[in-house]
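Below is model-v5.pdb, holding PDB, C-alpha atoms.
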```
MODEL        1
ATOM      1  CA  MET A   1       9.184  24.835 -14.049
ATOM      2  CA  LYS A   2       8.342  27.165 -16.907
ATOM      3  CA  CYS A   3       8.817  26.678 -20.652
ATOM      4  CA  GLY A   4       9.047  29.336 -23.342
ATOM      5  CA  VAL A   5       8.618  28.931 -27.094
ATOM      6  CA  VAL A   6      10.140  31.748 -29.149
ATOM      7  CA  ILE A   7       8.130  33.096 -32.077
ATOM      8  CA  PHE A   8       9.967  34.689 -34.983
ATOM      9  CA  PRO A   9       8.154  35.958 -38.052
ATOM     10  CA  GLY A  10       7.935  32.771 -40.138
ATOM     11  CA  SER A  11       8.097  30.254 -37.273
ATOM     12  CA  ASN A  12       5.551  27.522 -37.975
ATOM     13  CA  CYS A  13       6.186  24.806 -35.390
ATOM     14  CA  ASP A  14       5.664  27.197 -32.483
ATOM     15  CA  PHE A  15       2.086  26.090 -31.766
ATOM     16  CA  ASP A  16       2.901  22.368 -32.132
ATOM     17  CA  THR A  17       5.729  22.737 -29.634
ATOM     18  CA  HIS A  18       3.583  24.806 -27.256
ATOM     19  CA  HIS A  19       0.837  22.156 -27.537
ATOM     20  CA  VAL A  20       3.180  19.322 -26.544
ATOM     21  CA  LEU A  21       4.652  21.208 -23.595
ATOM     22  CA  LYS A  22       1.332  22.531 -22.311
ATOM     23  CA  ASN A  23      -1.216  19.845 -23.189
ATOM     24  CA  VAL A  24       0.816  16.643 -23.420
ATOM     25  CA  TYR A  25       3.131  17.425 -20.502
ATOM     26  CA  GLY A  26       0.917  19.878 -18.611
ATOM     27  CA  ARG A  27       3.762  22.353 -18.140
ATOM     28  CA  ASP A  28       3.416  26.073 -17.603
ATOM     29  CA  THR A  29       4.286  27.287 -21.118
ATOM     30  CA  VAL A  30       4.412  30.740 -22.675
ATOM     31  CA  PHE A  31       5.194  32.161 -26.090
ATOM     32  CA  LEU A  32       8.144  34.537 -26.231
ATOM     33  CA  TRP A  33       8.007  37.230 -28.922
ATOM     34  CA  HIS A  34      11.342  37.707 -30.672
ATOM     35  CA  LYS A  35      11.247  41.492 -30.203
ATOM     36  CA  ASP A  36      10.853  41.279 -26.441
ATOM     37  CA  HIS A  37      13.782  41.684 -24.112
ATOM     38  CA  SER A  38      12.733  39.164 -21.473
ATOM     39  CA  LEU A  39      12.641  35.389 -21.250
ATOM     40  CA  HIS A  40      10.006  35.760 -18.479
ATOM     41  CA  ASN A  41      11.885  33.513 -16.039
ATOM     42  CA  CYS A  42      11.591  30.444 -18.234
ATOM     43  CA  ASP A  43      13.682  27.417 -17.243
ATOM     44  CA  LEU A  44      13.619  25.938 -20.734
ATOM     45  CA  VAL A  45      13.611  28.009 -23.926
ATOM     46  CA  ILE A  46      12.795  26.370 -27.256
ATOM     47  CA  LEU A  47      13.551  27.841 -30.658
ATOM     48  CA  PRO A  48      10.961  26.092 -32.827
ATOM     49  CA  GLY A  49      11.019  24.962 -36.431
ATOM     50  CA  GLY A  50       9.835  27.004 -39.356
ATOM     51  CA  PHE A  51      11.224  29.559 -41.750
ATOM     52  CA  SER A  52      12.202  32.554 -39.662
ATOM     53  CA  TYR A  53      12.370  35.621 -41.925
ATOM     54  CA  GLY A  54      11.608  33.411 -44.909
ATOM     55  CA  ASP A  55      15.115  31.903 -44.697
ATOM     56  CA  TYR A  56      16.359  35.153 -46.277
ATOM     57  CA  LEU A  57      20.155  35.418 -46.581
ATOM     58  CA  ARG A  58      20.714  31.985 -44.946
ATOM     59  CA  SER A  59      18.462  29.867 -42.745
ATOM     60  CA  GLY A  60      18.477  31.401 -39.281
ATOM     61  CA  ALA A  61      20.788  34.255 -40.281
ATOM     62  CA  ILE A  62      18.337  37.127 -39.698
ATOM     63  CA  ALA A  63      16.605  35.650 -36.635
ATOM     64  CA  ARG A  64      19.982  35.692 -34.952
ATOM     65  CA  PHE A  65      19.746  39.496 -34.772
ATOM     66  CA  SER A  66      16.326  39.534 -33.075
ATOM     67  CA  PRO A  67      16.416  41.486 -29.793
ATOM     68  CA  LEU A  68      15.481  38.439 -27.706
ATOM     69  CA  MET A  69      18.555  36.563 -28.938
ATOM     70  CA  GLN A  70      20.791  38.740 -26.766
ATOM     71  CA  GLU A  71      18.881  37.561 -23.689
ATOM     72  CA  LEU A  72      19.015  34.007 -25.003
ATOM     73  CA  GLN A  73      22.785  34.203 -25.376
ATOM     74  CA  GLU A  74      23.147  35.424 -21.766
ATOM     75  CA  PHE A  75      20.671  32.779 -20.553
ATOM     76  CA  ALA A  76      22.681  30.050 -22.304
ATOM     77  CA  ASP A  77      25.969  31.438 -20.949
ATOM     78  CA  ARG A  78      24.513  31.167 -17.419
ATOM     79  CA  GLY A  79      23.681  27.500 -18.049
ATOM     80  CA  GLY A  80      20.015  27.966 -19.041
ATOM     81  CA  MET A  81      18.476  25.107 -20.991
ATOM     82  CA  VAL A  82      18.030  25.872 -24.686
ATOM     83  CA  LEU A  83      16.630  23.524 -27.336
ATOM     84  CA  GLY A  84      16.724  24.453 -31.017
ATOM     85  CA  ILE A  85      14.589  22.337 -33.336
ATOM     86  CA  CYS A  86      15.163  22.438 -37.104
ATOM     87  CA  ASN A  87      15.145  26.166 -37.930
ATOM     88  CA  GLY A  88      15.879  26.696 -34.230
ATOM     89  CA  PHE A  89      19.047  24.596 -34.665
ATOM     90  CA  GLN A  90      19.988  26.751 -37.657
ATOM     91  CA  VAL A  91      19.524  29.892 -35.527
ATOM     92  CA  LEU A  92      21.759  28.404 -32.785
ATOM     93  CA  LEU A  93      24.470  27.767 -35.396
ATOM     94  CA  GLU A  94      24.243  31.317 -36.740
ATOM     95  CA  LEU A  95      24.320  32.634 -33.164
ATOM     96  CA  GLY A  96      27.477  30.645 -32.500
ATOM     97  CA  LEU A  97      25.923  28.801 -29.534
ATOM     98  CA  LEU A  98      26.712  25.616 -31.473
ATOM     99  CA  PRO A  99      29.562  25.162 -33.976
ATOM    100  CA  GLY A 100      29.217  24.652 -37.715
ATOM    101  CA  ALA A 101      26.750  25.606 -40.431
ATOM    102  CA  MET A 102      24.006  24.081 -42.558
ATOM    103  CA  LEU A 103      24.310  23.564 -46.286
ATOM    104  CA  ARG A 104      21.489  22.695 -48.659
ATOM    105  CA  ASN A 105      20.532  18.980 -48.553
ATOM    106  CA  LYS A 106      22.898  17.027 -50.799
ATOM    107  CA  ASN A 107      20.100  15.935 -53.149
ATOM    108  CA  LEU A 108      18.703  19.510 -53.294
ATOM    109  CA  LYS A 109      15.309  18.294 -52.119
ATOM    110  CA  PHE A 110      13.140  19.514 -49.295
ATOM    111  CA  LEU A 111      12.947  16.388 -47.120
ATOM    112  CA  CYS A 112       9.755  15.805 -45.141
ATOM    113  CA  ARG A 113       9.594  12.265 -43.776
ATOM    114  CA  HIS A 114      10.204  10.062 -40.753
ATOM    115  CA  VAL A 115      13.833   9.039 -40.331
ATOM    116  CA  HIS A 116      15.709   6.746 -37.976
ATOM    117  CA  LEU A 117      18.096   8.272 -35.505
ATOM    118  CA  SER A 118      20.689   6.606 -33.360
ATOM    119  CA  LEU A 119      20.849   7.980 -29.823
ATOM    120  CA  GLU A 120      24.590   8.389 -29.407
ATOM    121  CA  ASN A 121      24.979  10.080 -26.044
ATOM    122  CA  THR A 122      22.605   9.658 -23.104
ATOM    123  CA  ALA A 123      24.739  11.571 -20.594
ATOM    124  CA  THR A 124      23.108  14.887 -21.449
ATOM    125  CA  PRO A 125      20.265  16.882 -19.892
ATOM    126  CA  PHE A 126      18.253  16.293 -23.084
ATOM    127  CA  THR A 127      18.729  12.523 -23.493
ATOM    128  CA  ASN A 128      19.255  11.034 -19.998
ATOM    129  CA  ARG A 129      15.955   9.096 -20.136
ATOM    130  CA  GLY A 130      17.032   7.180 -23.235
ATOM    131  CA  GLU A 131      19.245   4.146 -23.697
ATOM    132  CA  LYS A 132      22.458   4.466 -25.679
ATOM    133  CA  GLY A 133      22.054   3.057 -29.160
ATOM    134  CA  ARG A 134      18.275   3.292 -29.044
ATOM    135  CA  ILE A 135      16.798   3.887 -32.492
ATOM    136  CA  LEU A 136      14.340   6.762 -32.612
ATOM    137  CA  HIS A 137      11.702   7.248 -35.290
ATOM    138  CA  ILE A 138      11.186  11.002 -35.647
ATOM    139  CA  PRO A 139      10.253  13.160 -38.647
ATOM    140  CA  ILE A 140      12.445  15.722 -40.364
ATOM    141  CA  ALA A 141      11.244  18.603 -42.555
ATOM    142  CA  HIS A 142      14.002  20.763 -43.959
ATOM    143  CA  PHE A 143      15.874  22.043 -46.985
ATOM    144  CA  ASP A 144      19.101  23.061 -45.257
ATOM    145  CA  GLY A 145      20.085  20.244 -42.919
ATOM    146  CA  ASN A 146      23.385  19.177 -44.428
ATOM    147  CA  TYR A 147      25.644  19.772 -41.445
ATOM    148  CA  TYR A 148      29.127  21.102 -42.143
ATOM    149  CA  THR A 149      32.021  22.118 -39.945
ATOM    150  CA  ASP A 150      35.794  22.367 -40.243
ATOM    151  CA  PRO A 151      37.812  19.148 -39.675
ATOM    152  CA  ALA A 152      39.332  20.322 -36.355
ATOM    153  CA  THR A 153      35.900  21.098 -34.881
ATOM    154  CA  LEU A 154      34.553  17.764 -36.097
ATOM    155  CA  ILE A 155      37.332  15.918 -34.264
ATOM    156  CA  GLN A 156      36.525  17.852 -31.083
ATOM    157  CA  LEU A 157      32.811  17.098 -31.413
ATOM    158  CA  LYS A 158      33.564  13.386 -31.708
ATOM    159  CA  GLN A 159      36.139  13.317 -28.919
ATOM    160  CA  ASN A 160      33.808  15.087 -26.502
ATOM    161  CA  ASN A 161      30.707  13.028 -27.352
ATOM    162  CA  ARG A 162      28.870  16.093 -28.510
ATOM    163  CA  ILE A 163      27.164  14.330 -31.409
ATOM    164  CA  VAL A 164      23.876  13.328 -29.767
ATOM    165  CA  PHE A 165      21.816  12.049 -32.721
ATOM    166  CA  ARG A 166      22.958  10.505 -36.002
ATOM    167  CA  TYR A 167      20.917   9.415 -39.012
ATOM    168  CA  CYS A 168      20.928   5.619 -39.209
ATOM    169  CA  ASP A 169      19.111   2.759 -40.919
ATOM    170  CA  THR A 170      16.331   0.664 -39.362
ATOM    171  CA  ASP A 171      18.950  -1.514 -37.620
ATOM    172  CA  GLY A 172      20.774   1.443 -36.147
ATOM    173  CA  LYS A 173      23.690   1.225 -38.569
ATOM    174  CA  ILE A 174      25.243   4.541 -39.527
ATOM    175  CA  THR A 175      25.388   4.292 -43.316
ATOM    176  CA  ASP A 176      25.754   6.641 -46.276
ATOM    177  CA  GLU A 177      22.319   5.564 -47.525
ATOM    178  CA  SER A 178      20.647   6.578 -44.269
ATOM    179  CA  ASN A 179      22.415   9.941 -44.264
ATOM    180  CA  VAL A 180      19.372  11.662 -45.750
ATOM    181  CA  ASN A 181      20.777  15.152 -46.182
ATOM    182  CA  GLY A 182      24.519  14.515 -46.558
ATOM    183  CA  SER A 183      25.545  15.743 -43.097
ATOM    184  CA  MET A 184      29.118  15.186 -41.967
ATOM    185  CA  GLU A 185      29.241  12.022 -39.828
ATOM    186  CA  ASN A 186      25.440  11.646 -40.262
ATOM    187  CA  ILE A 187      24.993  14.387 -37.655
ATOM    188  CA  ALA A 188      21.346  15.077 -36.803
ATOM    189  CA  GLY A 189      21.805  16.699 -33.398
ATOM    190  CA  LEU A 190      24.604  18.343 -31.417
ATOM    191  CA  ILE A 191      25.106  19.596 -27.893
ATOM    192  CA  ASN A 192      27.350  22.397 -26.641
ATOM    193  CA  LYS A 193      30.356  21.890 -24.381
ATOM    194  CA  ASP A 194      28.439  22.535 -21.159
ATOM    195  CA  GLY A 195      25.498  20.353 -22.192
ATOM    196  CA  ASN A 196      22.800  22.996 -21.806
ATOM    197  CA  VAL A 197      22.236  23.829 -25.495
ATOM    198  CA  LEU A 198      20.965  21.157 -27.907
ATOM    199  CA  GLY A 199      20.280  21.631 -31.588
ATOM    200  CA  MET A 200      18.529  18.944 -33.638
ATOM    201  CA  MET A 201      17.088  18.840 -37.150
ATOM    202  CA  PRO A 202      14.392  16.191 -36.433
ATOM    203  CA  HIS A 203      11.149  17.348 -34.810
ATOM    204  CA  PRO A 204      10.543  15.699 -31.402
ATOM    205  CA  GLU A 205       7.332  17.722 -31.001
ATOM    206  CA  ARG A 206       5.896  15.889 -34.017
ATOM    207  CA  ALA A 207       6.618  12.532 -32.395
ATOM    208  CA  SER A 208       5.250  12.973 -28.884
ATOM    209  CA  GLU A 209       1.758  11.503 -29.176
ATOM    210  CA  ALA A 210       0.771   7.972 -30.219
ATOM    211  CA  ILE A 211      -1.917   9.323 -32.534
ATOM    212  CA  LEU A 212       0.845  10.908 -34.644
ATOM    213  CA  GLY A 213       2.541   7.554 -35.173
ATOM    214  CA  SER A 214       5.521   7.850 -32.847
ATOM    215  CA  GLU A 215       6.251   8.908 -29.292
ATOM    216  CA  ASP A 216      10.022   8.648 -29.657
ATOM    217  CA  GLY A 217      10.433  12.426 -29.500
ATOM    218  CA  ARG A 218       9.318  12.303 -25.883
ATOM    219  CA  VAL A 219      12.748  11.110 -24.812
ATOM    220  CA  VAL A 220      13.982  14.679 -25.328
ATOM    221  CA  PHE A 221      11.219  16.322 -23.283
ATOM    222  CA  ASP A 222      11.166  13.547 -20.605
ATOM    223  CA  SER A 223      14.916  13.970 -20.191
ATOM    224  CA  VAL A 224      15.033  17.738 -19.937
ATOM    225  CA  PHE A 225      12.128  17.801 -17.456
ATOM    226  CA  HIS A 226      13.829  15.092 -15.401
ATOM    227  CA  TYR A 227      17.058  17.075 -15.419
ATOM    228  CA  LEU A 228      15.359  20.354 -14.504
ATOM    229  CA  LYS A 229      13.549  18.633 -11.628
ATOM    230  CA  THR A 230      16.406  16.603 -10.179
ATOM    231  CA  GLY A 231      19.570  18.227 -11.551
ATOM    232  CA  SER A 232      20.715  14.695 -12.324
ATOM    233  CA  LEU A 233      21.596  12.833 -15.507
ATOM    234  CA  GLN A 234      20.781   9.502 -13.823
TER     235      GLN A 234
ATOM    236  CA  MET B   1      29.130  55.390 -53.095
ATOM    237  CA  LYS B   2      28.313  51.957 -54.488
ATOM    238  CA  ILE B   3      29.817  48.737 -53.224
ATOM    239  CA  ARG B   4      29.455  45.245 -54.596
ATOM    240  CA  VAL B   5      30.035  42.242 -52.334
ATOM    241  CA  LEU B   6      30.364  38.772 -53.863
ATOM    242  CA  VAL B   7      29.770  35.790 -51.566
ATOM    243  CA  SER B   8      30.595  32.237 -52.623
ATOM    244  CA  TYR B   9      31.153  28.877 -51.003
ATOM    245  CA  LYS B  10      34.704  28.094 -49.932
ATOM    246  CA  GLU B  11      36.569  25.712 -52.221
ATOM    247  CA  SER B  12      36.394  23.034 -49.501
ATOM    248  CA  VAL B  13      32.578  23.152 -49.464
ATOM    249  CA  LEU B  14      30.564  21.178 -52.008
ATOM    250  CA  ASP B  15      28.180  23.246 -54.101
ATOM    251  CA  PRO B  16      25.471  20.869 -55.375
ATOM    252  CA  GLN B  17      23.461  23.767 -56.838
ATOM    253  CA  GLY B  18      26.429  24.918 -58.911
ATOM    254  CA  GLN B  19      27.040  21.330 -60.048
ATOM    255  CA  THR B  20      23.414  20.980 -61.099
ATOM    256  CA  VAL B  21      23.561  24.213 -63.111
ATOM    257  CA  ARG B  22      26.763  22.999 -64.774
ATOM    258  CA  ASN B  23      25.127  19.661 -65.612
ATOM    259  CA  SER B  24      22.230  21.499 -67.265
ATOM    260  CA  LEU B  25      24.664  23.520 -69.354
ATOM    261  CA  LEU B  26      26.493  20.335 -70.370
ATOM    262  CA  THR B  27      23.152  18.849 -71.445
ATOM    263  CA  LEU B  28      22.651  21.892 -73.682
ATOM    264  CA  GLY B  29      25.990  21.187 -75.334
ATOM    265  CA  TYR B  30      28.181  23.720 -73.509
ATOM    266  CA  GLU B  31      30.747  21.068 -72.779
ATOM    267  CA  PHE B  32      33.632  23.488 -72.282
ATOM    268  CA  ILE B  33      32.451  24.337 -68.736
ATOM    269  CA  ARG B  34      34.776  22.495 -66.378
ATOM    270  CA  ASN B  35      33.375  23.741 -63.097
ATOM    271  CA  LEU B  36      30.662  26.125 -61.938
ATOM    272  CA  ARG B  37      30.210  27.590 -58.470
ATOM    273  CA  GLN B  38      27.116  29.533 -57.507
ATOM    274  CA  GLY B  39      27.190  32.557 -55.196
ATOM    275  CA  LYS B  40      25.368  35.687 -54.103
ATOM    276  CA  VAL B  41      25.782  39.351 -55.038
ATOM    277  CA  PHE B  42      24.989  42.238 -52.699
ATOM    278  CA  GLU B  43      24.960  45.807 -54.036
ATOM    279  CA  LEU B  44      25.152  48.454 -51.341
ATOM    280  CA  ASP B  45      24.546  52.179 -51.742
ATOM    281  CA  ILE B  46      26.413  53.819 -48.892
ATOM    282  CA  ASP B  47      27.358  57.286 -47.605
ATOM    283  CA  ASP B  48      30.553  58.753 -49.037
ATOM    284  CA  LEU B  49      32.948  57.668 -46.318
ATOM    285  CA  PRO B  50      36.739  58.019 -46.196
ATOM    286  CA  ARG B  51      38.402  55.125 -47.965
ATOM    287  CA  GLU B  52      40.022  53.678 -44.843
ATOM    288  CA  GLN B  53      36.625  53.514 -43.137
ATOM    289  CA  VAL B  54      35.146  51.715 -46.141
ATOM    290  CA  ASN B  55      38.102  49.321 -46.112
ATOM    291  CA  ARG B  56      37.362  48.488 -42.507
ATOM    292  CA  LEU B  57      33.548  48.462 -42.470
ATOM    293  CA  ILE B  58      32.738  46.497 -45.624
ATOM    294  CA  PRO B  59      34.780  43.408 -44.677
ATOM    295  CA  GLU B  60      33.294  43.737 -41.182
ATOM    296  CA  ILE B  61      29.672  43.512 -42.355
ATOM    297  CA  ALA B  62      30.508  40.948 -45.030
ATOM    298  CA  GLY B  63      32.200  38.688 -42.481
ATOM    299  CA  LYS B  64      29.609  39.252 -39.771
ATOM    300  CA  VAL B  65      26.346  39.178 -41.710
ATOM    301  CA  LEU B  66      26.455  38.771 -45.499
ATOM    302  CA  ALA B  67      28.664  35.684 -45.468
ATOM    303  CA  ASN B  68      28.949  32.835 -42.980
ATOM    304  CA  PRO B  69      32.738  32.424 -42.665
ATOM    305  CA  ILE B  70      32.384  28.745 -41.779
ATOM    306  CA  ILE B  71      31.178  27.872 -45.274
ATOM    307  CA  GLU B  72      31.548  31.038 -47.349
ATOM    308  CA  GLN B  73      34.164  33.499 -48.566
ATOM    309  CA  PHE B  74      33.663  37.014 -49.919
ATOM    310  CA  GLU B  75      35.230  39.624 -52.184
ATOM    311  CA  TRP B  76      34.176  43.236 -52.519
ATOM    312  CA  GLU B  77      34.740  46.193 -54.804
ATOM    313  CA  ILE B  78      33.816  49.851 -55.141
ATOM    314  CA  LEU B  79      31.683  50.691 -58.188
ATOM    315  CA  ASP B  80      31.596  53.981 -60.106
ATOM    316  CA  GLU B  81      28.395  55.962 -60.857
ATOM    317  CA  LYS B  82      27.611  53.738 -63.835
ATOM    318  CA  GLY B  83      27.838  50.630 -61.658
ATOM    319  CA  GLU B  84      31.125  49.546 -63.201
ATOM    320  CA  THR B  85      34.159  48.425 -61.276
ATOM    321  CA  ARG B  86      36.247  51.425 -60.272
ATOM    322  CA  PRO B  87      39.913  50.900 -61.186
TER     323      PRO B  87
ENDMDL
END
```

In structure tokens, what does this structure look like?
Amino acid sequence: MKCGVVIFPGSNCDFDTHHVLKNVYGRDTVFLWHKDHSLHNCDLVILPGGFSYGDYLRSGAIARFSPLMQELQEFADRGGMVLGICNGFQVLLELGLLPGAMLRNKNLKFLCRHVHLSLENTATPFTNRGEKGRILHIPIAHFDGNYYTDPATLIQLKQNNRIVFRYCDTDGKITDESNVNGSMENIAGLINKDGNVLGMMPHPERASEAILGSEDGRVVFDSVFHYLKTGSLQ
Amino acid sequence: MKIRVLVSYKESVLDPQGQTVRNSLLTLGYEFIRNLRQGKVFELDIDDLPREQVNRLIPEIAGKVLANPIIEQFEWEILDEKGETRP
């Protein structure tokens, strides 16, 4: 099982993510340069957080045209596992691998803090090790995380259980106050129709070691490794 | 040939930055401003192409790259040598 972390100019969570995969999980992990044309037979490709191309034009808008993204699109179309974290989620939206777009946070502030997330769907390759309704404590760090989509798409996302994480309060209640960035339906993470592409604004790689204050992010990595090993969501 | 592309949020999308700018103007006493929406301007210097090609290509790049059609809309115009709107 091999993991790849894509580096764009301006990525800044690439080494943190690589560290968790390689040192915390002991997985064979490589960096993938955005100008390459090969995913080097990786089974899991992660688009890390950061500010690819300085967020010029729109967050993730320029990274979408990197040469490697063509391979990523084909990899995802074949069912390859893709995880986009923060800026990586924004790139997945611009690529069209996930629906919708990100607006500036409703309070116009860059938000860098731990938040509570409600785990809404555990029948996915990325969340099968969690319990439905579990409250996760994971940090966010973004300016453009205010999720927006058209009403018809939002209905489809809800009907098909594609909203995986939602911002909630400490008791797991989905409230306006806990909706830190103003996202529609408190959306913090979404999965595609086939379940092989997940985008999330919170940073699981920053919550995977006890010394950092939370290990709740491990549910994402535990789940995807379990799925890649067994092919099962159970 | 000069082209100007204007990108703005769709009416259905909230524009907190525009609202904040409007609020600042209200604070300064410019109370006649009912609404303010912020956008982006792109000025392109392009080869002299036949008009029908320009009509096809500019909306193509505006819709594909300059604007995100999920949240944004765009308008475009051809400018004369002085940078003014060509009638």

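Using only C-alpha atoms, every residue with an atom at most 8 Å from the point (31.3, 44.6, -47.7) is listed here: Ile3, Arg4, Val5, Leu57, Ile58, Pro59, Glu60, Ile61, Ala62, Gly63, Leu66, Glu75 and Trp76 of chain B.
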
Dump C-alpha atoms for the selected residues as a PDB file, in the coordinates of the input?
```pdb
ATOM      1  CA  ILE B   3      29.817  48.737 -53.224  1.00  0.00           C
ATOM      2  CA  ARG B   4      29.455  45.245 -54.596  1.00  0.00           C
ATOM      3  CA  VAL B   5      30.035  42.242 -52.334  1.00  0.00           C
ATOM      4  CA  LEU B  57      33.548  48.462 -42.470  1.00  0.00           C
ATOM      5  CA  ILE B  58      32.738  46.497 -45.624  1.00  0.00           C
ATOM      6  CA  PRO B  59      34.780  43.408 -44.677  1.00  0.00           C
ATOM      7  CA  GLU B  60      33.294  43.737 -41.182  1.00  0.00           C
ATOM      8  CA  ILE B  61      29.672  43.512 -42.355  1.00  0.00           C
ATOM      9  CA  ALA B  62      30.508  40.948 -45.030  1.00  0.00           C
ATOM     10  CA  GLY B  63      32.200  38.688 -42.481  1.00  0.00           C
ATOM     11  CA  LEU B  66      26.455  38.771 -45.499  1.00  0.00           C
ATOM     12  CA  GLU B  75      35.230  39.624 -52.184  1.00  0.00           C
ATOM     13  CA  TRP B  76      34.176  43.236 -52.519  1.00  0.00           C
TER      14      TRP B  76
END
```

For this session: Run the ChimeraX specification (/B :<12) & /A against the file shown and list the residues it catches, as a ChimeraX atom specification.
Result: /A:56-65,93-96,99-109,146-151,153,181-184

Now that the selection is made, can you save its residues with C-alpha atoms as a CSV table (one decimal), keeping the file's coordinate frame?
```
chain,number,residue,atom,x,y,z
A,56,TYR,CA,16.4,35.2,-46.3
A,57,LEU,CA,20.2,35.4,-46.6
A,58,ARG,CA,20.7,32.0,-44.9
A,59,SER,CA,18.5,29.9,-42.7
A,60,GLY,CA,18.5,31.4,-39.3
A,61,ALA,CA,20.8,34.3,-40.3
A,62,ILE,CA,18.3,37.1,-39.7
A,63,ALA,CA,16.6,35.6,-36.6
A,64,ARG,CA,20.0,35.7,-35.0
A,65,PHE,CA,19.7,39.5,-34.8
A,93,LEU,CA,24.5,27.8,-35.4
A,94,GLU,CA,24.2,31.3,-36.7
A,95,LEU,CA,24.3,32.6,-33.2
A,96,GLY,CA,27.5,30.6,-32.5
A,99,PRO,CA,29.6,25.2,-34.0
A,100,GLY,CA,29.2,24.7,-37.7
A,101,ALA,CA,26.8,25.6,-40.4
A,102,MET,CA,24.0,24.1,-42.6
A,103,LEU,CA,24.3,23.6,-46.3
A,104,ARG,CA,21.5,22.7,-48.7
A,105,ASN,CA,20.5,19.0,-48.6
A,106,LYS,CA,22.9,17.0,-50.8
A,107,ASN,CA,20.1,15.9,-53.1
A,108,LEU,CA,18.7,19.5,-53.3
A,109,LYS,CA,15.3,18.3,-52.1
A,146,ASN,CA,23.4,19.2,-44.4
A,147,TYR,CA,25.6,19.8,-41.4
A,148,TYR,CA,29.1,21.1,-42.1
A,149,THR,CA,32.0,22.1,-39.9
A,150,ASP,CA,35.8,22.4,-40.2
A,151,PRO,CA,37.8,19.1,-39.7
A,153,THR,CA,35.9,21.1,-34.9
A,181,ASN,CA,20.8,15.2,-46.2
A,182,GLY,CA,24.5,14.5,-46.6
A,183,SER,CA,25.5,15.7,-43.1
A,184,MET,CA,29.1,15.2,-42.0
```

When the PyMOL selection byres ((chain A and resi 138) around 9) is applied to the structure above, which residues does it catch, written out as an mmCIF file with C-alpha atoms, keeping the file's coordinate frame?
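The resulting file, selection.cif, is shown below:
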```cif
data_model
loop_
_atom_site.group_PDB
_atom_site.id
_atom_site.type_symbol
_atom_site.label_atom_id
_atom_site.label_comp_id
_atom_site.auth_asym_id
_atom_site.auth_seq_id
_atom_site.Cartn_x
_atom_site.Cartn_y
_atom_site.Cartn_z
ATOM 1 C CA ARG A 113 9.594 12.265 -43.776
ATOM 2 C CA HIS A 114 10.204 10.062 -40.753
ATOM 3 C CA VAL A 115 13.833 9.039 -40.331
ATOM 4 C CA HIS A 116 15.709 6.746 -37.976
ATOM 5 C CA LEU A 117 18.096 8.272 -35.505
ATOM 6 C CA LEU A 136 14.340 6.762 -32.612
ATOM 7 C CA HIS A 137 11.702 7.248 -35.290
ATOM 8 C CA PRO A 139 10.253 13.160 -38.647
ATOM 9 C CA ILE A 140 12.445 15.722 -40.364
ATOM 10 C CA PRO A 202 14.392 16.191 -36.433
ATOM 11 C CA HIS A 203 11.149 17.348 -34.810
ATOM 12 C CA PRO A 204 10.543 15.699 -31.402
ATOM 13 C CA ARG A 206 5.896 15.889 -34.017
ATOM 14 C CA ALA A 207 6.618 12.532 -32.395
ATOM 15 C CA SER A 214 5.521 7.850 -32.847
ATOM 16 C CA GLU A 215 6.251 8.908 -29.292
ATOM 17 C CA ASP A 216 10.022 8.648 -29.657
ATOM 18 C CA GLY A 217 10.433 12.426 -29.500
#
```

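With all atoms listed in the file taken into account, the protein and nucleic acid residues at most 6 Å from Arg162 (chain A) (excluding it and anything under 3 positions from it in its own chain) are Leu157, Leu190 and Ile191 of chain A.
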
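Note that CA of Ile155 (chain A) and CA of Val45 (chain A) are 28.6 Å apart.
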
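For the residues A:Thr124, A:Thr17, A:Pro67, A:Glu205, ranking by smallest atom-to-atom distance to His226 (chain A) using all atoms listed in the file places A:Thr124 first.
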
Exercise. Using all atoms listed in the file, which of the listed residues (A:Val6, A:Met201, A:Phe221, A:Leu72) sits closest to Arg27 (chain A)?
Worked result: A:Phe221

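Of note, CA of Gln156 (chain A) and CA of Asp43 (chain A) are spaced 28.4 Å apart.
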
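Residue neighbourhood of Glu74 (chain A), excluding near-sequence residues (fewer than 6 positions): A:His37, A:Ser38, A:Leu39, A:Leu68, A:Gly80, A:Met81, A:Val82, A:Leu95, A:Leu97, at 12 Å, using only C-alpha atoms.
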
Which centre and edge lengths in Å to one decimal define the box along x, y and z that fits every listed atom of region 56-67 of chain B plus 3 Å per side, as lines of an AutoDock Vina configuration file?
```
center_x = 31.9
center_y = 42.1
center_z = -42.7
size_x = 17.0
size_y = 18.8
size_z = 11.9
```

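Atom pair CA of Asp222 (chain A) / CA of Pro125 (chain A) has a distance of 9.7 Å (rounded to one decimal).
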
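Candidate residues A:Glu120, A:Asn128, A:Arg78, A:Val224 were compared for distance to Asp194 (chain A), and the nearest is A:Arg78, using only C-alpha atoms.
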
Exercise. Which of these residues is nearest to Arg34 (chain B), using all atoms listed in the file: B:Lys2, B:Lys82, B:Arg22, B:Lys64?
Worked result: B:Arg22

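Between Arg37 (chain B) and the candidates B:Pro50, B:Ser24, B:Lys10, B:Gly83, the tightest atom-to-atom separation, counting all atoms listed in the file, involves B:Lys10.
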
Problem set entry | Local residues around (16.1, 12.7, -26.6), at most 7 Å away, using only C-alpha atoms, as a list of chain:residue names | A:Phe126, A:Thr127, A:Gly130, A:Gly217, A:Arg218, A:Val219, A:Val220, A:Phe221, A:Ser223

Problem set entry | Neighbour list for Phe110 (chain A) as a PyMOL selection string, cut-off 8 Å, only C-alpha atoms, skip fewer than 4 positions in-chain | chain A and resi 105+141-143
